[in-house]
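Dropping protein.txt in here (compact mmCIF, C-alpha atoms):
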# COMPACT_ATOMS: atom_id res chain seq x y z
CA MET A 231 83.85 41.47 23.17
CA ALA A 232 83.20 42.90 26.62
CA VAL A 233 85.63 43.16 29.54
CA ALA A 234 85.24 42.84 33.30
CA GLN A 235 87.86 43.77 35.87
CA SER A 236 88.59 41.27 38.62
CA ASP A 237 89.44 42.23 42.18
CA ASP A 238 93.20 42.13 41.51
CA GLY A 239 92.91 44.36 38.44
CA ALA A 240 93.11 41.62 35.80
CA ARG A 241 90.86 42.23 32.81
CA ILE A 242 88.68 39.25 31.93
CA SER A 243 87.14 39.25 28.46
CA TYR A 244 83.77 37.68 27.77
CA GLU A 245 81.16 37.21 25.06
CA THR A 246 77.38 37.40 25.33
CA SER A 247 74.48 36.14 23.24
CA GLY A 248 70.75 36.63 23.70
CA ASN A 249 68.92 39.15 25.87
CA GLY A 250 66.63 36.94 27.94
CA SER A 251 66.12 36.99 31.70
CA LEU A 252 67.93 33.73 32.57
CA PRO A 253 71.74 33.99 32.56
CA LEU A 254 73.67 30.94 31.40
CA VAL A 255 77.42 31.13 32.12
CA LEU A 256 79.65 28.79 30.09
CA LEU A 257 83.19 27.92 31.23
CA HIS A 258 85.68 26.58 28.67
CA GLY A 259 88.19 23.76 29.06
CA TRP A 260 91.97 23.65 29.19
CA GLY A 261 93.82 25.80 26.64
CA GLY A 262 90.64 27.21 25.13
CA SER A 263 88.75 30.48 25.31
CA ALA A 264 85.20 31.79 25.07
CA SER A 265 85.23 30.91 21.38
CA TYR A 266 85.20 27.18 22.24
CA TRP A 267 81.46 27.42 22.93
CA ARG A 268 80.35 29.20 19.76
CA GLU A 269 79.35 26.01 17.94
CA MET A 270 77.13 24.77 20.76
CA VAL A 271 75.71 28.23 21.43
CA SER A 272 74.73 28.44 17.76
CA GLN A 273 72.53 25.38 18.37
CA LEU A 274 70.78 26.83 21.43
CA ASP A 275 67.34 28.40 21.34
CA LEU A 276 68.25 31.71 22.95
CA ALA A 277 64.66 32.68 23.72
CA GLY A 278 64.63 33.68 27.38
CA LEU A 279 68.39 33.21 27.75
CA ARG A 280 71.38 35.46 28.16
CA VAL A 281 74.54 33.47 27.48
CA ILE A 282 77.72 34.78 29.11
CA VAL A 283 81.04 33.20 28.16
CA PRO A 284 84.30 34.34 29.80
CA SER A 285 87.87 33.56 28.77
CA TYR A 286 89.99 32.76 31.81
CA ARG A 287 92.93 34.97 32.74
CA GLY A 288 95.85 33.91 30.57
CA HIS A 289 93.49 32.76 27.81
CA GLY A 290 91.77 34.29 24.82
CA ASP A 291 91.65 38.09 25.00
CA SER A 292 91.88 38.22 28.80
CA ASP A 293 94.98 39.61 30.47
CA LYS A 294 97.98 37.29 30.41
CA ALA A 295 98.41 37.59 34.16
CA ALA A 296 101.49 36.11 35.81
CA THR A 297 99.56 35.14 38.95
CA GLY A 298 96.05 34.32 40.12
CA TYR A 299 95.69 30.76 38.88
CA THR A 300 93.86 29.35 41.89
CA LEU A 301 90.32 28.09 42.42
CA ASP A 302 89.52 31.08 44.64
CA GLN A 303 90.79 33.62 42.12
CA LEU A 304 89.14 31.91 39.17
CA ALA A 305 85.84 32.03 41.05
CA LYS A 306 86.37 35.75 41.68
CA ASP A 307 87.12 36.27 37.97
CA VAL A 308 83.93 34.48 36.92
CA LEU A 309 81.83 36.38 39.44
CA ALA A 310 83.37 39.67 38.26
CA VAL A 311 82.20 38.82 34.74
CA ALA A 312 78.74 37.87 36.01
CA ASP A 313 78.51 41.10 38.02
CA THR A 314 79.60 43.23 35.06
CA ALA A 315 77.07 41.46 32.84
CA GLY A 316 74.31 42.03 35.41
CA ALA A 317 73.87 38.36 36.33
CA GLN A 318 73.47 38.05 40.09
CA ARG A 319 72.27 34.44 39.84
CA PHE A 320 72.88 32.11 36.93
CA VAL A 321 73.01 28.56 35.64
CA LEU A 322 76.62 27.44 35.27
CA VAL A 323 77.96 25.10 32.57
CA GLY A 324 81.47 23.70 32.84
CA PHE A 325 83.38 21.52 30.39
CA SER A 326 86.29 19.23 31.34
CA MET A 327 88.53 21.02 33.87
CA SER A 328 85.98 23.83 34.13
CA GLY A 329 83.48 21.24 35.32
CA LYS A 330 85.65 21.21 38.45
CA PHE A 331 85.73 25.02 38.51
CA ALA A 332 81.92 25.14 38.17
CA GLN A 333 81.52 22.76 41.11
CA TYR A 334 83.84 24.94 43.17
CA ILE A 335 81.86 28.09 42.44
CA ALA A 336 78.60 26.31 43.32
CA ALA A 337 80.11 24.99 46.56
CA VAL A 338 81.72 28.24 47.72
CA HIS A 339 79.18 30.74 46.34
CA PRO A 340 75.88 28.81 46.51
CA GLN A 341 73.82 31.97 46.56
CA ARG A 342 74.92 32.75 42.99
CA VAL A 343 74.29 29.42 41.24
CA LEU A 344 70.83 28.23 40.18
CA GLY A 345 71.89 24.99 38.51
CA LEU A 346 74.86 23.09 37.10
CA VAL A 347 75.54 21.35 33.79
CA LEU A 348 78.85 19.48 33.97
CA ILE A 349 80.16 18.16 30.65
CA GLY A 350 82.91 15.54 30.92
CA PRO A 351 83.90 17.23 34.19
CA VAL A 352 87.01 16.84 36.26
CA PRO A 353 85.68 15.80 39.69
CA ALA A 354 85.97 17.77 42.92
CA THR A 355 88.28 15.06 44.23
CA GLU A 356 92.00 15.16 43.51
CA PHE A 357 92.69 14.62 39.81
CA SER A 358 96.39 14.89 39.11
CA VAL A 359 97.80 15.04 35.61
CA PRO A 360 101.19 13.26 35.62
CA SER A 361 103.98 15.82 35.46
CA GLU A 362 105.49 14.31 32.30
CA VAL A 363 102.10 14.41 30.56
CA ALA A 364 101.46 17.99 31.66
CA LYS A 365 104.88 19.05 30.37
CA ALA A 366 104.35 17.30 27.03
CA TRP A 367 100.97 18.95 26.59
CA CYS A 368 102.33 22.41 27.41
CA ASP A 369 105.41 21.88 25.23
CA ALA A 370 103.10 21.14 22.29
CA GLN A 371 101.67 24.65 22.45
CA HIS A 372 103.55 25.94 19.41
CA ASP A 373 103.56 22.71 17.41
CA ARG A 374 100.08 22.34 15.96
CA LYS A 375 100.56 18.74 14.83
CA ALA A 376 101.89 17.67 18.21
CA ALA A 377 99.08 19.54 19.94
CA PHE A 378 96.45 17.81 17.83
CA ASP A 379 98.06 14.39 18.21
CA GLN A 380 98.47 14.63 21.99
CA ILE A 381 95.63 16.84 23.19
CA LEU A 382 92.73 16.31 20.80
CA ALA A 383 93.03 13.12 18.76
CA PRO A 384 93.15 10.64 21.69
CA PHE A 385 89.95 12.04 23.15
CA ILE A 386 87.77 12.51 20.04
CA LYS A 387 85.62 9.64 18.77
CA ILE A 388 83.31 11.56 16.39
CA PRO A 389 84.96 13.75 13.72
CA VAL A 390 84.99 17.44 14.63
CA LYS A 391 84.62 20.24 12.10
CA ALA A 392 88.02 21.39 10.85
CA GLU A 393 87.26 25.00 11.66
CA LEU A 394 86.60 24.10 15.31
CA THR A 395 89.90 22.26 15.58
CA LYS A 396 91.70 25.22 13.98
CA ALA A 397 90.04 27.66 16.36
CA PHE A 398 91.07 25.61 19.39
CA LEU A 399 94.67 25.31 18.22
CA ASP A 400 94.74 29.08 17.61
CA ASP A 401 93.52 29.68 21.16
CA PHE A 402 95.97 27.15 22.56
CA GLN A 403 98.90 28.92 20.92
CA LYS A 404 97.65 32.24 22.27
CA ALA A 405 97.38 31.13 25.91
CA ALA A 406 99.98 32.10 28.51
CA ARG A 407 102.24 29.18 29.41
CA VAL A 408 101.77 29.91 33.13
CA GLY A 409 98.02 29.71 32.65
CA LEU A 410 98.29 26.33 30.94
CA GLU A 411 100.58 24.95 33.64
CA GLN A 412 98.74 26.25 36.65
CA THR A 413 95.21 25.43 35.52
CA LEU A 414 96.37 21.82 35.18
CA GLU A 415 97.74 22.04 38.71
CA MET A 416 94.35 23.32 39.89
CA CYS A 417 92.82 20.02 38.80
CA ALA A 418 94.79 18.27 41.55
CA VAL A 419 93.17 20.33 44.33
CA SER A 420 90.43 18.49 46.22
CA PHE A 421 87.36 20.15 47.71
CA ALA A 422 85.31 16.95 47.85
CA GLU A 423 83.75 17.64 51.24
CA GLN A 424 82.64 21.11 50.17
CA ALA A 425 81.15 19.62 46.99
CA ARG A 426 78.90 17.42 49.11
CA HIS A 427 77.05 20.60 50.11
CA ILE A 428 76.11 21.51 46.53
CA GLY A 429 72.32 21.60 46.56
CA VAL A 430 71.33 22.84 43.11
CA PRO A 431 69.92 20.69 40.29
CA THR A 432 72.84 19.13 38.42
CA LEU A 433 73.10 17.41 35.05
CA VAL A 434 76.27 15.53 34.10
CA LEU A 435 77.00 14.73 30.45
CA ALA A 436 79.52 11.98 29.78
CA GLY A 437 81.03 10.51 26.63
CA THR A 438 80.53 6.75 26.50
CA TYR A 439 83.93 6.41 24.80
CA ASP A 440 85.72 9.14 26.74
CA PRO A 441 89.03 7.63 27.89
CA LEU A 442 89.64 10.52 30.30
CA MET A 443 86.40 11.11 32.21
CA THR A 444 84.63 7.80 31.83
CA PRO A 445 80.96 7.47 32.82
CA ASP A 446 81.96 5.06 35.61
CA LEU A 447 84.50 7.54 36.98
CA LEU A 448 81.90 10.32 36.98
CA ARG A 449 79.33 8.10 38.69
CA SER A 450 81.80 7.23 41.45
CA THR A 451 82.99 10.80 41.98
CA VAL A 452 80.65 13.58 40.81
CA LEU A 453 77.35 11.74 41.26
CA SER A 454 78.43 10.37 44.63
CA HIS A 455 79.20 13.88 45.89
CA ILE A 456 76.27 15.89 44.51
CA SER A 457 72.92 14.70 45.80
CA GLY A 458 70.34 14.23 43.07
CA ALA A 459 72.76 14.74 40.17
CA ARG A 460 71.79 12.91 36.98
CA LEU A 461 74.10 11.52 34.31
CA ILE A 462 73.43 11.11 30.60
CA ALA A 463 76.00 9.28 28.47
CA LEU A 464 76.37 10.24 24.81
CA PRO A 465 78.01 8.01 22.17
CA CYS A 466 81.15 10.12 21.74
CA GLY A 467 84.50 10.95 23.30
CA HIS A 468 85.56 13.75 25.61
CA GLU A 469 84.97 16.78 23.37
CA ILE A 470 81.18 16.61 23.70
CA PRO A 471 80.44 20.29 22.82
CA HIS A 472 82.32 19.85 19.52
CA GLU A 473 81.58 16.20 18.76
CA MET A 474 77.83 16.41 19.43
CA PRO A 475 76.95 20.11 19.73
CA GLU A 476 73.31 19.72 18.71
CA HIS A 477 72.71 17.01 21.28
CA ALA A 478 74.58 18.89 23.99
CA ALA A 479 72.56 22.04 23.29
CA ALA A 480 69.29 20.10 23.33
CA LEU A 481 70.15 18.54 26.68
CA VAL A 482 71.09 21.91 28.16
CA GLU A 483 67.75 23.31 26.94
CA ALA A 484 65.87 20.35 28.43
CA PHE A 485 67.67 20.85 31.73
CA LEU A 486 66.77 24.54 31.77
CA SER A 487 63.15 23.74 30.97
CA GLY A 488 63.10 21.26 33.83
CA LEU A 489 64.17 23.96 36.25
CA GLY A 490 60.85 25.68 35.61
CA PRO A 491 59.85 29.34 35.30
CA SER A 492 60.62 30.02 38.96
CA VAL A 493 64.35 29.91 38.18
CA ALA A 494 64.06 32.76 35.70
CA ILE A 495 62.05 34.67 38.28
CA LYS A 496 64.71 34.08 40.95
CA SER A 497 67.39 35.28 38.55
CA ALA A 498 65.46 38.39 37.63
CA ALA A 499 64.71 39.16 41.27
CA ALA A 500 68.31 38.77 42.44
Show how you would write the structure in this file as structure tokens.
Amino acid sequence: MAVAQSDDGARISYETSGNGSLPLVLLHGWGGSASYWREMVSQLDLAGLRVIVPSYRGHGDSDKAATGYTLDQLAKDVLAVADTAGAQRFVLVGFSMSGKFAQYIAAVHPQRVLGLVLIGPVPATEFSVPSEVAKAWCDAQHDRKAAFDQILAPFIKIPVKAELTKAFLDDFQKAARVGLEQTLEMCAVSFAEQARHIGVPTLVLAGTYDPLMTPDLLRSTVLSHISGARLIALPCGHEIPHEMPEHAAALVEAFLSGLGPSVAIKSAAA
């Protein structure tokens, strides 16, 4: 585990894999940590790649900060990790709520992002989680059965390996309550007009049976805001990186290949 220091002093932990010239930054979903991505990363061909996976403040081994849960600060945290890891420009992958965070970084710091892969993403438009639902989810933090029943089971359509479920529930219990509450609140913030200026190649992965981020919702929000974005629907639920990790990895690799060798050159030259 490596650590970067953000501008406000918070220590942000991150993991790396591979030593290639093209940085690939992966952002985890709600309640998780960098470890969420290990299954999908294990399916990637790391030739030419350097995978960088941070845990947000309040999550994983990062500082359990009491403040700083805003889109601006999260972007600064991610860029601090990228800077520490030597990645001036990178391809950004975001899952679920971090799909929104990835869009924000690409919109506000376009000079840093070479491409986007958004997996079951929360859109840049307002996406409010009802207060009673948010409270129930957060209250389930220290009740593993309730957490599974409320947060995972409704959104999974293909069985997930037991060890992946255990690892997520471990991370969920470890997260700071303020981080859980305020990252959900961040989902309600809209930056839709800024998102219309995103100009990098963008791939959106959707679960055909995802009850949360349906393909139709993503077409009417994400694809309508990002010019040229493409959507691929997979026969699964919301937890695409755990339900279909091999397929998700293959699609990420295909996307990277489609960017061409010039992207790696741009990254190396930055």
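Using all atoms listed in the file for every distance, the candidate list A:Ala377, A:Met443, A:Leu486, A:Leu382 yields A:Leu486 as the residue closest to Ala277 in chain A.
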Residues at most 8 Å from range 312-326 of chain A, counting only C-alpha atoms, excluding those fewer than 3 positions away in the same chain, as a ChimeraX atom specification? /A:234,252-260,282,308-309,329-332,341-352,468,496-497,500
Nearest residue to Gly458 in chain A out of A:Ile381, A:Leu433, A:Val283, A:Val359, using only C-alpha atoms? A:Leu433
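Using all atoms listed in the file, the shortest contact distance between Gly490 in chain A and any of A:Ser285, A:Pro431, A:Ala364, A:Ala310 is found at A:Pro431.
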If we count all atoms listed in the file and set the cut-off at 10 Å, which residues sit around Phe378 in chain A, ignoring sequence neighbours fewer than 4 positions away in its own chain? Please answer as a PyMOL selection string. chain A and resi 367+370-371+373-374+382-384+395-396+398-399
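Straight-line separation from CA of Leu279 in chain A to CA of Asp307 in chain A: 21.6 Å.
Between CA of Thr413 in chain A and CA of Lys387 in chain A the separation is 24.9 Å.
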Close residues, Gln424 in chain A itself excluded, 9 Å, all atoms listed in the file, min 2 positions apart in chain, as a VMD selection string: chain A and resid 334 337 to 338 354 421 to 422 426 to 428
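Note that CA of Leu489 in chain A and CA of Gly262 in chain A are 28.9 Å apart.
Of the listed residues (A:Glu356, A:Asp291, A:Glu245, A:Asp237), A:Glu245 comes nearest to Val271 in chain A; the distances count all atoms listed in the file.
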Write out as a PyMOL selection string which residues come within 12 Å of Ser358 in chain A when counting all atoms listed in the file, dropping same-chain ones fewer than 3 positions away. chain A and resi 327+352-355+361-364+412-420+442
Please determine the residues with any atom at most 10 Å from (97.5, 36.3, 34.4) (coordinates as given in the file, with only C-alpha atoms counting) and report them as number ranges by chain. A: 240-242, 286-289, 292-299, 405-409
Tell me which protein, DNA and RNA residues are within 10 Å of Glu476 in chain A, counting all atoms listed in the file, leaving out same-chain ones fewer than 3 positions away, and put them as a compact mmCIF listing (two decimals) with C-alpha atoms, in the coordinates of the input.
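So out-v3.txt came out as:
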# COMPACT_ATOMS: atom_id res chain seq x y z
CA GLU A 269 79.35 26.01 17.94
CA MET A 270 77.13 24.77 20.76
CA VAL A 271 75.71 28.23 21.43
CA SER A 272 74.73 28.44 17.76
CA GLN A 273 72.53 25.38 18.37
CA LEU A 274 70.78 26.83 21.43
CA ILE A 470 81.18 16.61 23.70
CA PRO A 471 80.44 20.29 22.82
CA HIS A 472 82.32 19.85 19.52
CA GLU A 473 81.58 16.20 18.76
CA ALA A 479 72.56 22.04 23.29
CA ALA A 480 69.29 20.10 23.33
CA LEU A 481 70.15 18.54 26.68
CA VAL A 482 71.09 21.91 28.16
Please give the centre and size of the box around range 454-462 of chain A (axis-aligned, containing every atom listed in the file, 5 Å added per side), with values in Å to one decimal and written as lines of an AutoDock Vina configuration file.
center_x = 74.8
center_y = 13.1
center_z = 38.2
size_x = 18.9
size_y = 15.5
size_z = 25.3
Pick from A:Ala392, A:Leu461, A:Ala478, A:Ala366, whichever lies nearest to Glu411 in chain A using all atoms listed in the file: A:Ala366
